[in-house]
Amino acid sequence: MSQLSSSGLDVRTPLDRGTGQVGSSIVHGEFRDKVHGSLLYAADHYGPGMLHGKVVRSPFPSARIISIDTSEARALPGVIAVLVADDVPKNVMGEEASGLGLERIQTPVLAEDRVRYMGEPVALIAAEKPHIAEAAAELVDVDYEPMPGVYDPEDALAGNAPLIHDQGNVLSDWRIARGDVDSAMEDAHHVVEGTYKTQAVDHAYLEPEAGVGWIDVDGVVTLRVATQVIEHATEVAAILGLPHNRVRVASTYMGGAFGGKEDMTVEPFLALLVWETERAVRMVWSRQESLLARPKRHPFVMRYRTAANADGKVLAQDIDIVGDAGAYPYLSPRVLFAAAVTAVGPYRVDHVRIRARAVFTNHVPNSAFRGFGAMQVVFGYESQMDRIASASGLTREEVRLRNFLASGDPLPTGEPVPTVPAVAATMRRALDALKPQSPAENSKLARGRGFACNMQPYGRTVFFGDKASAWIGFEADGTVIVRAGVTDLGGGQAASLAQIAAEVLGVDTSRVIVHIGDTHLTPLTGGTFATRQLYMSGNAVLHTARDLRNQMAPVAARLLGVQTDDLEFAGDAVRTRTGGVELSTAEWVSACGAEEVATAHLGTFHGESGSFDSRTGQGRTFPDYTFGTHAIQIEVDTETGTIKVLDYVACHDVGRAINPLRVEGQIHGGVAQGLGYALSEEILTEDGVSHSALFADYLIPTALDLPDITPIVLEEEPGKGPFGARGIGEPTIAPVAAAVASALEDAVGIRPDRLPFTPERVLEAINSQSR
C-alpha cells in the first residue's frame, strides 16, 4: 500500500498524456438509472417480515421529563419493541466538533430527564406495520413539566437567560485578530456599518431520511441508509456497546443531502431496534418529521464595521457574528469557525477583528448545510463592499478590483491565500455575460442589476489531518474496479472517480466500475462534506491509479522495447509514443500476471496538515478556496414587493473541470437553492414551536420560479484537487442572496438587511423609504 501526501499543486506527471476522459461531459451509469427510475434509494429497500421503526418526539421545546409510561404501547398487538433512554447501552452520540479541543457537551440518543427542542426523540417503536407503529407512538405517555426556554441567540447571551446546558449557553467563541483595527478606523476616510440577519432554512432534499437494518449471518448489525458518512459505524457500535467490526454501514445513492445527512439520522435508532428485536427493521421519516426535527442552516446575526480610505481601499474590518446553534452542539463550532475565517471575503484586509460565537437556544439543532458558515457571511461582506462603493463614489466593480486578494496575500488568520485567486476574472466573465437591461413594461415595475463575489473553502481544516484511501484493480479482460468509501449525494461523486481512474489507466470510463460507501467492503475515505471528496478521494484515486500504472508499466515497456517514459496509455491500450506498436489493456494485464506483477493497488492520500492557535486566531485553516461571481438582473413590482429574476449568470474558477456537465449541474442546483434562500425560504418558529412542518408552509422555488441560468465554467488557476481541480459542490450557492440584494438596491434604492427578501419585507422597505 502506498502513502500519499499533499504538499501543493499536482497537475500532471510525464505519463499523463491526456486521454480525453477527464474534461469530457461523460454520462455515467447511475445517471441513466435515475432517468429510467431504476436506481434504488434507501426507502426502496424492503423485505418480507421487516419491522417498521418509529421515533416518538417531544411536543415541547423545553421541558423536564417526569416519567415515561410505555405499558399501553407495549400491549398493542403488533408492537415488538418500545425503547427509552434506559434501554440504550450508551446514550450519547456526537464527537467534539471543533477539532481544537472544546469542552464536549453531550447529545443524548434519546432524551432522559429533559427535552431541549420540539421534536427531540424520547422513545422508539418497532412494529409489524407502519400504522401500528404510529398508533403505538400515540400511546407512549410522557409526563412533561414545561420549563422556561430561550429562542433568540442574542437573548441567550444575557446573564439571566435560562441555561440550555449547565456549562452555559455559549458553545464556541472564535476570535481572529490581526493588525490595529482601532487605529485604522480612526484614520479612515469612510467607515460604514451594517447589521445583517440570515434565517434558518431546511435542506428540502427530494429524499427524506431513510434506511433499513438487519443482523447478518455473522452477527454483524448491518445498516443500509442514506448517509453522507459511513464512518458513523464506529459511533453506532459505541452506542450499542459492540466492537467496531460488529457494525457495518453501507450507503445508498441519495436523493440529495446538502449536509443534512452528515450527522446521523436514522442510524442509531435503526441499530437499537435491530439489536433489540433481532429482526430486520425499516425506518422512513415523513416530510413533516424531516422539516420539524432535522438540523437546519444556522441563522446568523452579523455586525460589520468596515473602514476604507478615500480611494475605496479597505483598511479594516470589525466583525461580530452570533450563530444560533440550537439545542445541541452537532457541527456548530466548525460552522462558526468557517464563518470567522471567511468573514472578510476574497479581499485583502490588513487590520481585522473577528468574533464568531455559536450560542445554544431551544430550537432544533442547527448543523451542516451547503456553504457551511462561509455562505451566510457573503451577504455581510458583499453588502459592505457595495456600501464602500457608494461612500467613495466608485462603481461596485472598481471598489472590488482595488481590494481583491492577490497571490500570496495574507488572510485574516495570517496564512497566505493558498493558490492564485482568479476572482477578478470570474467577475469580468459574469458581468460580460449578463444580458443588456431593457426598460420595464410600466412605471410600477423597476429593474436592476447586481452581482456578488465569494470565496468558499474546499476540504476539511488542515488540523484534522484528513486522509482518504482507494483500491484499484484490473480484471483479466482489462476492465477496472475502483473501491472507495465515498458516499454519493447525487452530485456524481462516484462518476468522477471513474473518469480519473480511466484517464490515468488509459481505458474508457465505461469500462470502470466504482464500488462505494461500505465500511466492510471499501477502503474508508471520510464523509462527503466540506466539498472534500474530489480533493481527497479524487486525489486518492489519482495517485493510486498512477502507482498501479507505474508498477505495471515496466512489463509493457519490455514487451514494446521502449523506456517507460515513452509509453502512452489510451484507447484501452498501451502503445509507444511514436505509434505503430501497442498492447491491448487485456494483453498488458495478462503479461503482468505471467510475470507475477500485481495488477491491483491500495493507496492512501493524506491531505495537508497544519496547526491553528485558537488563542491568537492565527495559523493554518483550510487547504484552498474556490472563487466565483454571480450576476443577476431582476424586476421589482413596487406595488406588491414581488421580485422576478430575469437573468442569471454564475461563473466559478474550477481549476480543471473533471466533467463540465456535472460542474454546470452543480451551478444550476446551487443557484436554484440560493434563490430559495434569498427570496422565500424560512423556518418559522414561535417560542420554539415550528410553523413550517409542511411544504405548504415552507416555500421552495419551483421550475416556474427560476430564470434561465447561464453557467460559466472557468479553468483559470489550478487548485489542489486531481489535475488541478477545485471543489465546486458548495461555492455555487453562496453569492446568490448578496447578488439579489445588490440588484434590489440598483432597482429601487433600498437594501433590506434581513433574509429572505419576501414581498412583504421588500414592500415595507420601499414604503419606509417613501415616508
# chains A, B, ... in the order shown; residues from 1 in each chain; ligands from 1
>>> residues_around(residues="range 653-664 of chain A", least_positions_apart="5", cutoff="7 Å", atoms="only C-alpha atoms", output="list in words")
Val22, Gly23, Ser24, Ser25, Ile26, Ala422, Thr426, Ser496, Thr626, Phe627, Gly628, Pro711, Val713, Leu714, Glu715, Glu716, Glu717, Pro718, Gly719, Phe723, Gly724, Ala725, Arg726, Gly727 and Ile728 of chain A
>>> residues_around(residues="Ala374 in chain A", least_positions_apart="5", cutoff="8 Å", atoms="only C-alpha atoms", output="list in words")
Val335, Ala338, Ala339, Thr342, Ala343, Met455, Gln456, Pro457 and Ala734 of chain A
>>> residues_around(residues="range 577-582 of chain A", least_positions_apart="5", cutoff="9 Å", atoms="only C-alpha atoms", output="PDB file with C-alpha atoms, in the first residue's frame")
ATOM      1  CA  ALA A 556       4.692  -3.108 -21.120  1.00  0.00           C
ATOM      2  CA  LEU A 560       7.323  -2.986 -26.578  1.00  0.00           C
ATOM      3  CA  ASP A 565       8.597   7.335 -20.288  1.00  0.00           C
ATOM      4  CA  ASP A 566       7.948   6.511 -23.962  1.00  0.00           C
ATOM      5  CA  LEU A 567       4.642   4.755 -23.197  1.00  0.00           C
ATOM      6  CA  GLU A 568       1.159   6.101 -23.758  1.00  0.00           C
TER       7      GLU A 568
END
>>> residues_around(residues="Ile132 in chain A", least_positions_apart="5", cutoff="12 Å", atoms="only C-alpha atoms", output="list of chain:residue names")
A:Leu51, A:His52, A:Gly53, A:Lys54, A:Ala73, A:Arg74, A:Ala75, A:Leu76, A:Pro77, A:Gly78, A:Val79, A:Ile80, A:Ala81, A:Ile125, A:Ala126, A:Ala127, A:Ala137, A:Glu138, A:Leu139
>>> select_by_dssp(residues="range 420-592 of chain A", states="helix (DSSP H, G or I)", output="PyMOL selection string")
chain A and resi 423-433+462-464+493-505+509-511+533-560+564-566+585-592
>>> closest_residue(among="A:Arg370, A:Arg754, A:Arg348, A:His601", to="Gln666 in chain A", atoms="only C-alpha atoms")
A:Arg370
>>> select_by_dssp(residues="range 551-714 of chain A", states="strand (DSSP E or B)", output="JSON, numbers by chain")
{"A": [567, 568, 569, 570, 573, 574, 575, 576, 582, 583, 584, 600, 601, 602, 603, 604, 605, 606, 612, 613, 618, 619, 624, 625, 626, 627, 628, 629, 630, 631, 632, 633, 634, 635, 636, 637, 643, 644, 645, 646, 647, 648, 649, 650, 651, 652, 653, 685, 686, 689, 690, 709, 710, 711, 712, 713, 714]}
>>> closest_residue(among="A:Ser367, A:Pro121, A:Ser62, A:Gly380", to="Pro162 in chain A", atoms="only C-alpha atoms")
A:Ser62
>>> closest_residue(among="A:Leu521, A:Ile230, A:Ala530, A:Ala553", to="Val504 in chain A", atoms="only C-alpha atoms")
A:Ala553
>>> residues_around(residues="Asn245 in chain A", least_positions_apart="5", cutoff="10 Å", atoms="only C-alpha atoms", output="list in words")
Val220, Val221, Ala233, Thr234, Ala237, Thr519 and His520 of chain A
>>> write_last_selection(atoms="all heavy atoms", output="PDB file, in the first residue's frame")
ATOM      1  N   VAL A 220     -23.370  -9.429  12.531  1.00  0.00           N
ATOM      2  CA  VAL A 220     -22.999  -8.028  12.332  1.00  0.00           C
ATOM      3  C   VAL A 220     -24.256  -7.204  12.108  1.00  0.00           C
ATOM      4  O   VAL A 220     -25.087  -7.525  11.252  1.00  0.00           O
ATOM      5  CB  VAL A 220     -22.048  -7.878  11.123  1.00  0.00           C
ATOM      6  CG1 VAL A 220     -21.788  -6.407  10.817  1.00  0.00           C
ATOM      7  CG2 VAL A 220     -20.739  -8.610  11.390  1.00  0.00           C
ATOM      8  N   VAL A 221     -24.422  -6.135  12.883  1.00  0.00           N
ATOM      9  CA  VAL A 221     -25.519  -5.198  12.668  1.00  0.00           C
ATOM     10  C   VAL A 221     -25.214  -4.432  11.390  1.00  0.00           C
ATOM     11  O   VAL A 221     -24.213  -3.714  11.299  1.00  0.00           O
ATOM     12  CB  VAL A 221     -25.669  -4.229  13.854  1.00  0.00           C
ATOM     13  CG1 VAL A 221     -26.746  -3.185  13.560  1.00  0.00           C
ATOM     14  CG2 VAL A 221     -26.009  -4.999  15.132  1.00  0.00           C
ATOM     15  N   ALA A 233     -20.363   4.247  11.553  1.00  0.00           N
ATOM     16  CA  ALA A 233     -20.443   2.877  12.053  1.00  0.00           C
ATOM     17  C   ALA A 233     -19.770   2.722  13.410  1.00  0.00           C
ATOM     18  O   ALA A 233     -20.279   2.011  14.292  1.00  0.00           O
ATOM     19  CB  ALA A 233     -19.821   1.914  11.043  1.00  0.00           C
ATOM     20  N   THR A 234     -18.646   3.396  13.601  1.00  0.00           N
ATOM     21  CA  THR A 234     -17.955   3.274  14.888  1.00  0.00           C
ATOM     22  C   THR A 234     -18.759   3.914  16.017  1.00  0.00           C
ATOM     23  O   THR A 234     -18.758   3.422  17.148  1.00  0.00           O
ATOM     24  CB  THR A 234     -16.559   3.906  14.807  1.00  0.00           C
ATOM     25  OG1 THR A 234     -16.676   5.286  14.441  1.00  0.00           O
ATOM     26  CG2 THR A 234     -15.700   3.196  13.781  1.00  0.00           C
ATOM     27  N   ALA A 237     -21.560   1.573  16.868  1.00  0.00           N
ATOM     28  CA  ALA A 237     -21.029   0.474  17.673  1.00  0.00           C
ATOM     29  C   ALA A 237     -20.872   0.883  19.131  1.00  0.00           C
ATOM     30  O   ALA A 237     -21.190   0.107  20.050  1.00  0.00           O
ATOM     31  CB  ALA A 237     -19.691   0.012  17.102  1.00  0.00           C
ATOM     32  N   THR A 519     -18.574   0.191   4.827  1.00  0.00           N
ATOM     33  CA  THR A 519     -17.464   0.148   5.790  1.00  0.00           C
ATOM     34  C   THR A 519     -16.759  -1.197   5.818  1.00  0.00           C
ATOM     35  O   THR A 519     -15.612  -1.271   6.265  1.00  0.00           O
ATOM     36  CB  THR A 519     -17.955   0.481   7.213  1.00  0.00           C
ATOM     37  OG1 THR A 519     -19.024  -0.405   7.564  1.00  0.00           O
ATOM     38  CG2 THR A 519     -18.440   1.913   7.304  1.00  0.00           C
ATOM     39  N   HIS A 520     -17.404  -2.268   5.369  1.00  0.00           N
ATOM     40  CA  HIS A 520     -16.762  -3.581   5.383  1.00  0.00           C
ATOM     41  C   HIS A 520     -16.167  -3.978   4.044  1.00  0.00           C
ATOM     42  O   HIS A 520     -15.384  -4.926   3.984  1.00  0.00           O
ATOM     43  CB  HIS A 520     -17.769  -4.650   5.829  1.00  0.00           C
ATOM     44  CG  HIS A 520     -17.925  -4.726   7.317  1.00  0.00           C
ATOM     45  ND1 HIS A 520     -18.427  -5.817   7.983  1.00  0.00           N
ATOM     46  CD2 HIS A 520     -17.643  -3.825   8.297  1.00  0.00           C
ATOM     47  CE1 HIS A 520     -18.450  -5.597   9.279  1.00  0.00           C
ATOM     48  NE2 HIS A 520     -17.986  -4.387   9.489  1.00  0.00           N
TER      49      HIS A 520
END
>>> residues_around(residues="range 163-165 of chain A", least_positions_apart="4", cutoff="9 Å", atoms="only C-alpha atoms", output="tab-separated table (two decimals) with all heavy atoms, in the first residue's frame")
chain	number	residue	atom	x	y	z
A	62	SER	N	-38.96	22.96	25.50
A	62	SER	CA	-38.17	22.99	26.73
A	62	SER	C	-39.02	22.44	27.86
A	62	SER	O	-40.02	23.06	28.24
A	62	SER	CB	-37.71	24.42	27.05
A	62	SER	OG	-36.94	24.45	28.24
A	105	ILE	N	-20.01	18.77	25.09
A	105	ILE	CA	-21.35	18.80	25.67
A	105	ILE	C	-22.14	17.68	25.02
A	105	ILE	O	-22.27	17.63	23.80
A	105	ILE	CB	-22.02	20.17	25.45
A	105	ILE	CG1	-21.23	21.24	26.20
A	105	ILE	CG2	-23.48	20.16	25.89
A	105	ILE	CD1	-21.71	22.66	25.97
A	116	ARG	N	-34.94	19.53	25.01
A	116	ARG	CA	-34.42	20.88	24.77
A	116	ARG	C	-34.88	21.47	23.44
A	116	ARG	O	-34.54	22.59	23.13
A	116	ARG	CB	-32.89	20.85	24.84
A	116	ARG	CG	-32.35	20.56	26.24
A	116	ARG	CD	-30.83	20.45	26.24
A	116	ARG	NE	-30.28	20.42	27.58
A	116	ARG	CZ	-30.13	19.32	28.31
A	116	ARG	NH1	-30.48	18.13	27.80
A	116	ARG	NH2	-29.63	19.37	29.53
A	149	GLY	N	-37.69	28.65	28.34
A	149	GLY	CA	-36.75	28.44	27.25
A	149	GLY	C	-36.19	29.75	26.75
A	149	GLY	O	-36.59	30.84	27.19
A	150	VAL	N	-35.26	29.66	25.82
A	150	VAL	CA	-34.69	30.85	25.18
A	150	VAL	C	-34.66	30.58	23.69
A	150	VAL	O	-34.23	29.51	23.24
A	150	VAL	CB	-33.30	31.19	25.75
A	150	VAL	CG1	-32.31	30.05	25.58
A	150	VAL	CG2	-32.76	32.46	25.14
A	156	ALA	N	-29.99	34.65	24.50
A	156	ALA	CA	-29.31	33.58	25.24
A	156	ALA	C	-27.99	34.04	25.83
A	156	ALA	O	-27.47	33.41	26.77
A	156	ALA	CB	-29.08	32.38	24.32
A	169	ASN	N	-24.54	28.92	27.85
A	169	ASN	CA	-25.20	28.99	26.54
A	169	ASN	C	-24.25	29.26	25.38
A	169	ASN	O	-24.68	29.21	24.23
A	169	ASN	CB	-26.30	30.06	26.57
A	169	ASN	CG	-27.50	29.63	27.39
A	169	ASN	OD1	-27.68	28.44	27.67
A	169	ASN	ND2	-28.32	30.60	27.78
A	327	ALA	N	-30.22	23.42	20.13
A	327	ALA	CA	-30.18	22.84	21.47
A	327	ALA	C	-28.94	22.00	21.76
A	327	ALA	O	-28.62	21.78	22.94
A	327	ALA	CB	-31.44	22.00	21.69
A	328	TYR	N	-28.26	21.48	20.72
A	328	TYR	CA	-27.12	20.60	20.95
A	328	TYR	C	-25.98	21.00	20.00
A	328	TYR	O	-26.20	21.66	18.99
A	328	TYR	CB	-27.52	19.14	20.74
A	328	TYR	CG	-28.45	18.62	21.82
A	328	TYR	CD1	-29.82	18.50	21.57
A	328	TYR	CD2	-27.97	18.30	23.09
A	328	TYR	CE1	-30.69	18.04	22.57
A	328	TYR	CE2	-28.81	17.84	24.09
A	328	TYR	CZ	-30.17	17.72	23.83
A	328	TYR	OH	-31.01	17.28	24.81
A	360	PHE	N	-26.30	28.40	22.20
A	360	PHE	CA	-27.41	27.47	22.36
A	360	PHE	C	-28.74	28.20	22.51
A	360	PHE	O	-28.82	29.25	23.16
A	360	PHE	CB	-27.21	26.60	23.60
A	360	PHE	CG	-26.14	25.56	23.47
A	360	PHE	CD1	-25.06	25.53	24.35
A	360	PHE	CD2	-26.22	24.58	22.49
A	360	PHE	CE1	-24.08	24.56	24.26
A	360	PHE	CE2	-25.23	23.62	22.37
A	360	PHE	CZ	-24.17	23.60	23.25
A	361	THR	N	-29.78	27.61	21.91
A	361	THR	CA	-31.17	28.04	22.12
A	361	THR	C	-32.04	26.78	22.20
A	361	THR	O	-31.55	25.67	22.01
A	361	THR	CB	-31.69	28.93	20.98
A	361	THR	OG1	-31.75	28.14	19.77
A	361	THR	CG2	-30.81	30.15	20.76
A	362	ASN	N	-33.33	26.97	22.42
A	362	ASN	CA	-34.25	25.83	22.43
A	362	ASN	C	-34.89	25.62	21.06
A	362	ASN	O	-36.08	25.30	20.94
A	362	ASN	CB	-35.33	26.02	23.49
A	362	ASN	CG	-34.80	25.83	24.90
A	362	ASN	OD1	-34.66	26.79	25.65
A	362	ASN	ND2	-34.48	24.59	25.24
>>> decode(residues="range 102-125 of chain A", atoms="N, CA, C and O atoms", output="short mmCIF file (atom, residue, chain, number, x, y, z; two decimals), in the first residue's frame")
data_model
loop_
_atom_site.label_atom_id
_atom_site.label_comp_id
_atom_site.auth_asym_id
_atom_site.auth_seq_id
_atom_site.Cartn_x
_atom_site.Cartn_y
_atom_site.Cartn_z
N LEU A 102 -12.49 21.78 22.24
CA LEU A 102 -13.51 22.45 23.05
C LEU A 102 -14.12 21.47 24.05
O LEU A 102 -14.09 20.25 23.85
N GLU A 103 -14.71 22.01 25.11
CA GLU A 103 -15.39 21.16 26.09
C GLU A 103 -16.53 20.42 25.40
O GLU A 103 -17.33 21.00 24.67
N ARG A 104 -16.61 19.12 25.63
CA ARG A 104 -17.65 18.32 24.99
C ARG A 104 -18.95 18.41 25.78
O ARG A 104 -18.98 18.18 26.98
N ILE A 105 -20.01 18.77 25.09
CA ILE A 105 -21.35 18.80 25.67
C ILE A 105 -22.14 17.68 25.02
O ILE A 105 -22.27 17.63 23.80
N GLN A 106 -22.66 16.78 25.82
CA GLN A 106 -23.19 15.53 25.30
C GLN A 106 -24.58 15.70 24.68
O GLN A 106 -25.41 16.46 25.16
N THR A 107 -24.78 14.94 23.61
CA THR A 107 -26.08 14.87 22.94
C THR A 107 -26.64 13.48 23.18
O THR A 107 -26.01 12.48 22.79
N PRO A 108 -27.80 13.35 23.82
CA PRO A 108 -28.35 12.02 24.06
C PRO A 108 -28.95 11.42 22.80
O PRO A 108 -29.46 12.14 21.94
N VAL A 109 -28.91 10.09 22.71
CA VAL A 109 -29.63 9.42 21.63
C VAL A 109 -31.13 9.58 21.85
O VAL A 109 -31.87 9.94 20.94
N LEU A 110 -31.57 9.30 23.06
CA LEU A 110 -32.96 9.51 23.47
C LEU A 110 -32.96 10.37 24.73
O LEU A 110 -32.16 10.12 25.66
N ALA A 111 -33.82 11.37 24.78
CA ALA A 111 -33.87 12.26 25.94
C ALA A 111 -34.21 11.45 27.19
O ALA A 111 -35.07 10.57 27.17
N GLU A 112 -33.52 11.80 28.27
CA GLU A 112 -33.69 11.02 29.50
C GLU A 112 -34.46 11.79 30.56
O GLU A 112 -35.48 11.30 31.07
N ASP A 113 -34.00 12.96 30.93
CA ASP A 113 -34.65 13.71 32.01
C ASP A 113 -35.12 15.09 31.56
O ASP A 113 -35.79 15.79 32.31
N ARG A 114 -34.78 15.48 30.32
CA ARG A 114 -35.13 16.81 29.85
C ARG A 114 -35.15 16.83 28.33
O ARG A 114 -34.35 16.14 27.68
N VAL A 115 -36.08 17.58 27.75
CA VAL A 115 -36.06 17.83 26.30
C VAL A 115 -35.71 19.29 26.09
O VAL A 115 -36.13 20.16 26.85
N ARG A 116 -34.94 19.53 25.01
CA ARG A 116 -34.42 20.88 24.77
C ARG A 116 -34.88 21.47 23.44
O ARG A 116 -34.54 22.59 23.13
N TYR A 117 -35.64 20.71 22.66
CA TYR A 117 -36.22 21.28 21.44
C TYR A 117 -37.45 20.46 21.04
O TYR A 117 -37.56 19.28 21.37
N MET A 118 -38.34 21.11 20.34
CA MET A 118 -39.52 20.43 19.83
C MET A 118 -39.10 19.42 18.77
O MET A 118 -38.42 19.75 17.82
N GLY A 119 -39.53 18.16 18.98
CA GLY A 119 -39.14 17.10 18.06
C GLY A 119 -38.01 16.25 18.57
O GLY A 119 -37.60 15.30 17.89
N GLU A 120 -37.47 16.53 19.75
CA GLU A 120 -36.38 15.72 20.28
C GLU A 120 -36.85 14.29 20.53
O GLU A 120 -37.91 14.06 21.11
N PRO A 121 -36.09 13.28 20.12
CA PRO A 121 -36.51 11.88 20.31
C PRO A 121 -36.54 11.49 21.79
O PRO A 121 -35.59 11.78 22.54
N VAL A 122 -37.61 10.82 22.18
CA VAL A 122 -37.73 10.35 23.55
C VAL A 122 -37.96 8.85 23.63
O VAL A 122 -37.74 8.24 24.69
N ALA A 123 -38.42 8.21 22.56
CA ALA A 123 -38.68 6.77 22.58
C ALA A 123 -38.67 6.24 21.15
O ALA A 123 -38.81 7.00 20.19
N LEU A 124 -38.51 4.90 21.04
CA LEU A 124 -38.50 4.23 19.75
C LEU A 124 -39.52 3.10 19.76
O LEU A 124 -39.69 2.40 20.77
N ILE A 125 -40.15 2.89 18.61
CA ILE A 125 -41.13 1.83 18.43
C ILE A 125 -40.70 0.94 17.27
O ILE A 125 -40.25 1.45 16.24
#
